[in-house]
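Accompanying notes for the structure given below.
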Amino acid sequence: MLSTRTRPVSVTVAGTTAVLALLTAALPATAETGRGPDLSRFYRQRIAWSSCPDEGAPKDLQCGKVTVPLDYARPGGGTLELAMARYRATGRSRGSVLLNFGGPGGAGVPELAAGGKDFMDLTNGYDVVTFDPRGVGRSSPVTCGQESAGSTDATGSPADETDPKAVLGQVRALAEQCAQHSGPVLAHIGTVDAARDLDVMREALGDRKLNYLGFSYGTRLGAVYAARFPGKVGRVVLDGVDTLTEPLSTQGIEGAQAQQTALDDFLTWCVRNMICPFGRDARSAREEVVRLIDTLDRDPVPTTAGPAFSGQDLVGAIGQALFSKQLWPLLEQGLSQLMQQGDPTGIIGAFGSGMSFPFGHLPGDAGPRARSAPSAPPRENGALVAPEDVPLDNLPAALMAINCADDPDRPDAARITRDLGHLREAYTQASPVFGRYRLTEMLMCYGRPKGTDFIRRKVKNVHTPRMLLVGTRGDPATPYRWTMDTAGRLGSSAVVLDNRDEGHTGYSSSRCVHDKVDSFLLDGSLPANGSSCGPDGTDGPD
């Protein structure tokens, strides 16, 4: 499995694929001052580490769990167990550094098991720890049922824009299905609750301050923690910085622009190579990509297994390949095979197919050619589920649930129908390749309860030690603009590192970024605000 910093989630959801393309002492203030419910029993726990239950886990990876309240307003009620994993420090440990790999909806434990080598330098001073957030992985996983992901024959084509009423009916039905299958955690799955879980974990690990490295969505979680617990912030790095303020419609437009920029950069690289199937002119290559997608949508290519390969399947595959510059040669080869031989197997084998859901920045197998196993029923007592019982649709189900829990906007059907008309042109202008798909992003939360406005109202002007924010210029998932906007919103605590390279996030792909992040986490050495890393992995001009 590739790093979560290099591939997006490929998400399909039962026929709606096209529709749906976040203190100052040992106890929190509410428990300490008596102004709120007593959380002391959760802050007194310690983690018992042991070997991991997954047979494929590295032998030096240890697993444990922490217990948190289902509802922080009623901690005497139900509880949840959160799965955790760690690599022990190789020498003297100064405590733990907690990792969140993004999503939302990405399980941290299997990601650390698969990609732990990227973080071994940090074991020179820390236990490297991660977790499955509430509703994710083994931690009371949400699901929309076995028919909602992986078992669809949808081609990935955008929804019928001429019949918004029918589309909204599909979205509402999906929301009801997810609520039916997910259990009580669904009402308490947002990033504000996850940030409170982080603080319980910090204390259970025995750390006075939270040291944290968050990628993509993990930057939203880190920013919320900083606003909620400013006195507990240690050394915090946010890589691939998420937006904190923009509505779904605006996120879709800016996301489409970022993907188009990344595609243009790929094509500029491609036309310099002899095997590039688009010739030698970048402008003509961009036009040829659009024609290829249109042709495949009109006449999909048959495959040996599963439905025919459509233009929108190709859009999804391209979207995945753009998450890492290292994947560009595979994309070039797959496109050559498709265009010259009419054979999509190279593309499907390397990147799958189906829409890369705009919010998802992790690897996943729930494409339209996958098949989902029946999901285990939710555990009412919040106990961890076995690794083999995690529903295959957990990632897309959690992605939607968390994003909607973090979003306070709920336009009605009339407003959505009215907006779709004028937004269609804006999305297409943002990207002739990705815009059409991203348009329906604004429908994702229709039929779900209104989310919190805490992130928009409260996550700003934080009074914390300085935090390092890494933005990558060619990032197709979290545009560089979001890094600057979020830095301005957080205030003087934010220090920006400009990674002048391609791909989603910088820690795993740029030696320069990697070294600067490690120097800060291990030694407290921050780069100057606005300093940069060049595309060759060396320091850039300041």
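Every chain in the structure tokens has a letter given in the order shown (A, B, ...), and although residue numbers restart at 1 in each chain, ligands are simply numbered from 1 in the order shown.
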
For this session: Could you give me the residues within range 429-523 of chain A that DSSP places in alpha helix (DSSP H), as a PyMOL selection string?
Result: chain A and resi 429-430+435-438+454-458+480-490+511-523

For this session: Can you pull out every residue within 9 Å of range 258-271 of chain A, counting only C-alpha atoms, but drop anything in the same chain fewer than 6 positions away, and send it as a count of residues only?
Result: 32

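With distances restricted to only C-alpha atoms, A:Pro387 is the closest residue to Pro53 in chain A from A:Gly77, A:Gly240, A:Pro387, A:Gly115.
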
Problem set entry | Picked from range 109-236 of chain A by DSSP as strand (DSSP E or B), as a ChimeraX atom specification | /A:127-131,136,139,210-215,233-236

Selected residues, N, CA and C atoms, written as a PDB file, in the first residue's frame, please.
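Generated file (again-v9.pdb):
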ATOM      1  N   ASP A 127       8.586   7.968  20.768  1.00  0.00           N
ATOM      2  CA  ASP A 127       7.709   6.881  20.365  1.00  0.00           C
ATOM      3  C   ASP A 127       6.817   7.449  19.252  1.00  0.00           C
ATOM      4  N   VAL A 128       6.767   6.766  18.108  1.00  0.00           N
ATOM      5  CA  VAL A 128       5.944   7.219  16.981  1.00  0.00           C
ATOM      6  C   VAL A 128       4.604   6.503  17.064  1.00  0.00           C
ATOM      7  N   VAL A 129       3.543   7.272  17.273  1.00  0.00           N
ATOM      8  CA  VAL A 129       2.237   6.719  17.640  1.00  0.00           C
ATOM      9  C   VAL A 129       1.182   7.171  16.630  1.00  0.00           C
ATOM     10  N   THR A 130       0.254   6.298  16.324  1.00  0.00           N
ATOM     11  CA  THR A 130      -0.909   6.685  15.532  1.00  0.00           C
ATOM     12  C   THR A 130      -2.150   6.007  16.092  1.00  0.00           C
ATOM     13  N   PHE A 131      -3.292   6.239  15.426  1.00  0.00           N
ATOM     14  CA  PHE A 131      -4.570   5.767  15.967  1.00  0.00           C
ATOM     15  C   PHE A 131      -5.602   5.696  14.854  1.00  0.00           C
ATOM     16  N   VAL A 136     -13.687   5.094  12.603  1.00  0.00           N
ATOM     17  CA  VAL A 136     -12.751   4.745  11.530  1.00  0.00           C
ATOM     18  C   VAL A 136     -11.983   3.478  11.901  1.00  0.00           C
ATOM     19  N   SER A 139     -12.086   1.379  15.274  1.00  0.00           N
ATOM     20  CA  SER A 139     -12.694   2.201  16.330  1.00  0.00           C
ATOM     21  C   SER A 139     -14.156   2.518  16.009  1.00  0.00           C
ATOM     22  N   LEU A 210       1.232  17.959  23.486  1.00  0.00           N
ATOM     23  CA  LEU A 210       0.993  17.149  22.303  1.00  0.00           C
ATOM     24  C   LEU A 210       2.006  17.504  21.225  1.00  0.00           C
ATOM     25  N   ASN A 211       2.820  16.535  20.823  1.00  0.00           N
ATOM     26  CA  ASN A 211       3.668  16.640  19.650  1.00  0.00           C
ATOM     27  C   ASN A 211       2.961  15.890  18.527  1.00  0.00           C
ATOM     28  N   TYR A 212       2.854  16.514  17.355  1.00  0.00           N
ATOM     29  CA  TYR A 212       1.882  16.025  16.377  1.00  0.00           C
ATOM     30  C   TYR A 212       2.362  16.296  14.962  1.00  0.00           C
ATOM     31  N   LEU A 213       2.130  15.308  14.074  1.00  0.00           N
ATOM     32  CA  LEU A 213       2.400  15.447  12.649  1.00  0.00           C
ATOM     33  C   LEU A 213       1.148  15.011  11.905  1.00  0.00           C
ATOM     34  N   GLY A 214       0.457  15.968  11.281  1.00  0.00           N
ATOM     35  CA  GLY A 214      -0.798  15.685  10.593  1.00  0.00           C
ATOM     36  C   GLY A 214      -0.699  15.982   9.117  1.00  0.00           C
ATOM     37  N   PHE A 215      -1.254  15.090   8.309  1.00  0.00           N
ATOM     38  CA  PHE A 215      -1.249  15.239   6.858  1.00  0.00           C
ATOM     39  C   PHE A 215      -2.668  15.474   6.349  1.00  0.00           C
ATOM     40  N   VAL A 233      -0.303  22.497  23.415  1.00  0.00           N
ATOM     41  CA  VAL A 233       0.383  22.340  22.132  1.00  0.00           C
ATOM     42  C   VAL A 233       1.887  22.276  22.342  1.00  0.00           C
ATOM     43  N   GLY A 234       2.512  21.222  21.814  1.00  0.00           N
ATOM     44  CA  GLY A 234       3.964  21.098  21.820  1.00  0.00           C
ATOM     45  C   GLY A 234       4.513  21.460  20.455  1.00  0.00           C
ATOM     46  N   ARG A 235       5.190  20.520  19.823  1.00  0.00           N
ATOM     47  CA  ARG A 235       5.717  20.729  18.474  1.00  0.00           C
ATOM     48  C   ARG A 235       4.724  20.123  17.475  1.00  0.00           C
ATOM     49  N   VAL A 236       4.119  20.972  16.668  1.00  0.00           N
ATOM     50  CA  VAL A 236       3.047  20.566  15.762  1.00  0.00           C
ATOM     51  C   VAL A 236       3.434  20.905  14.330  1.00  0.00           C
TER      52      VAL A 236
END

List as CSV every residue of range 391-470 of chain A that is in contact with range 521-531 of chain A, defined as an atom at most 9 Å from one of its atoms (using only C-alpha atoms), together with the nearest atom pair and the distance in Å rounded to one decimal, sorted by chain and then rising number.
residue,atom,partner,partner_atom,distance
A:Arg466,CA,A:Leu526,CA,8.6
A:Met467,CA,A:Leu526,CA,8.7
A:Leu468,CA,A:Leu526,CA,7.4

For the selection you just gave me, I'd like the residues written to a file as a tab-separated table (two decimals), in the first residue's frame, keeping N, CA, C and O atoms.
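Writing the result to out.tsv gives the following:
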chain	number	residue	atom	x	y	z
A	466	ARG	N	4.89	28.18	18.22
A	466	ARG	CA	4.86	28.22	16.76
A	466	ARG	C	4.70	26.81	16.17
A	466	ARG	O	5.30	25.84	16.64
A	467	MET	N	3.88	26.74	15.13
A	467	MET	CA	3.60	25.50	14.43
A	467	MET	C	4.10	25.61	12.99
A	467	MET	O	4.06	26.69	12.39
A	468	LEU	N	4.58	24.49	12.43
A	468	LEU	CA	5.11	24.47	11.08
A	468	LEU	C	4.04	24.00	10.10
A	468	LEU	O	3.49	22.90	10.25

Exercise. Leaving out Asp407 in chain A and any residue of its chain fewer than 4 positions from it, which residues lie within 10 Å of it when counting only C-alpha atoms, given as a PyMOL selection string?
Worked result: chain A and resi 22+190+244-248+402-403+445+449-456

Next, write the just-selected residues to a file, as a compact mmCIF listing (two decimals), in the first residue's frame, keeping C-alpha atoms as the atom set.
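File again-v5.txt, as written:
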# COMPACT_ATOMS: atom_id res chain seq x y z
CA LEU A 22 -13.11 17.69 11.33
CA GLY A 190 -16.75 15.24 13.88
CA LEU A 244 -10.90 25.88 7.66
CA THR A 245 -13.52 28.24 6.31
CA GLU A 246 -14.68 27.57 2.77
CA PRO A 247 -18.08 26.04 1.93
CA LEU A 248 -18.23 22.84 -0.09
CA ILE A 402 -16.83 13.61 9.26
CA ASN A 403 -16.88 16.27 6.56
CA CYS A 445 -24.26 16.58 3.04
CA PRO A 449 -27.97 16.84 10.26
CA LYS A 450 -26.39 20.28 10.27
CA GLY A 451 -22.75 20.22 11.34
CA THR A 452 -20.88 22.38 13.83
CA ASP A 453 -19.75 25.93 13.09
CA PHE A 454 -16.95 25.67 15.68
CA ILE A 455 -14.19 25.39 13.08
CA ARG A 456 -15.26 28.47 11.15

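With distances restricted to only C-alpha atoms, A:Asn381 is the closest residue to Gly183 in chain A from A:Thr219, A:Ser51, A:Thr345, A:Asn381.
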
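As for CA of Phe101 in chain A and CA of Cys52 in chain A, they are spaced 19.2 Å apart.
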
Exercise. From the list A:Gly506, A:Pro184, A:Pro110, A:Gly222, which residue is nearest Glu55 in chain A when using only C-alpha atoms?
Worked result: A:Pro110

Could you pull the residues within 12 Å of Arg88 in chain A, counting only C-alpha atoms, minus those fewer than 3 positions along the same chain, as a PDB file with C-alpha atoms, in the first residue's frame?
ATOM      1  CA  TRP A  49       0.850  -2.098  24.779  1.00  0.00           C
ATOM      2  CA  SER A  50       1.161  -5.562  23.245  1.00  0.00           C
ATOM      3  CA  LYS A  59       6.935  -7.497  14.776  1.00  0.00           C
ATOM      4  CA  ASP A  60       8.290  -4.281  16.316  1.00  0.00           C
ATOM      5  CA  LEU A  61       4.926  -2.502  16.012  1.00  0.00           C
ATOM      6  CA  GLN A  62       2.959  -2.496  19.252  1.00  0.00           C
ATOM      7  CA  CYS A  63      -0.792  -2.006  19.567  1.00  0.00           C
ATOM      8  CA  ALA A  85      -0.173   1.617  17.498  1.00  0.00           C
ATOM      9  CA  GLY A  91      17.101   5.667  22.301  1.00  0.00           C
ATOM     10  CA  ARG A  92      16.088   7.990  25.066  1.00  0.00           C
ATOM     11  CA  SER A  93      12.509   9.079  24.430  1.00  0.00           C
ATOM     12  CA  ARG A  94      11.254  12.591  25.073  1.00  0.00           C
ATOM     13  CA  GLY A  95       7.696  11.266  24.798  1.00  0.00           C
ATOM     14  CA  SER A  96       5.446  10.585  21.832  1.00  0.00           C
ATOM     15  CA  VAL A  97       4.685  12.156  18.477  1.00  0.00           C
ATOM     16  CA  GLY A 116       6.394   3.100   9.075  1.00  0.00           C
ATOM     17  CA  PHE A 119       9.042   7.836  10.187  1.00  0.00           C
ATOM     18  CA  MET A 120      11.928   5.818  11.605  1.00  0.00           C
ATOM     19  CA  ASP A 121      14.122   8.913  11.935  1.00  0.00           C
ATOM     20  CA  LEU A 122      11.617  10.252  14.465  1.00  0.00           C
ATOM     21  CA  THR A 123      12.231   7.234  16.707  1.00  0.00           C
ATOM     22  CA  ASN A 124      15.583   8.851  17.527  1.00  0.00           C
ATOM     23  CA  GLY A 125      13.646  10.945  20.026  1.00  0.00           C
ATOM     24  CA  TYR A 126      10.052   9.776  20.153  1.00  0.00           C
ATOM     25  CA  ASP A 127       7.709   6.881  20.365  1.00  0.00           C
ATOM     26  CA  VAL A 128       5.944   7.219  16.981  1.00  0.00           C
ATOM     27  CA  VAL A 129       2.237   6.719  17.640  1.00  0.00           C
ATOM     28  CA  THR A 130      -0.909   6.685  15.532  1.00  0.00           C
TER      29      THR A 130
END

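The nearest approach to Gly491 in chain A among the residues A:Val517, A:Ala187, A:Val462, A:Val470, with only C-alpha atoms taken into account, belongs to A:Val462.
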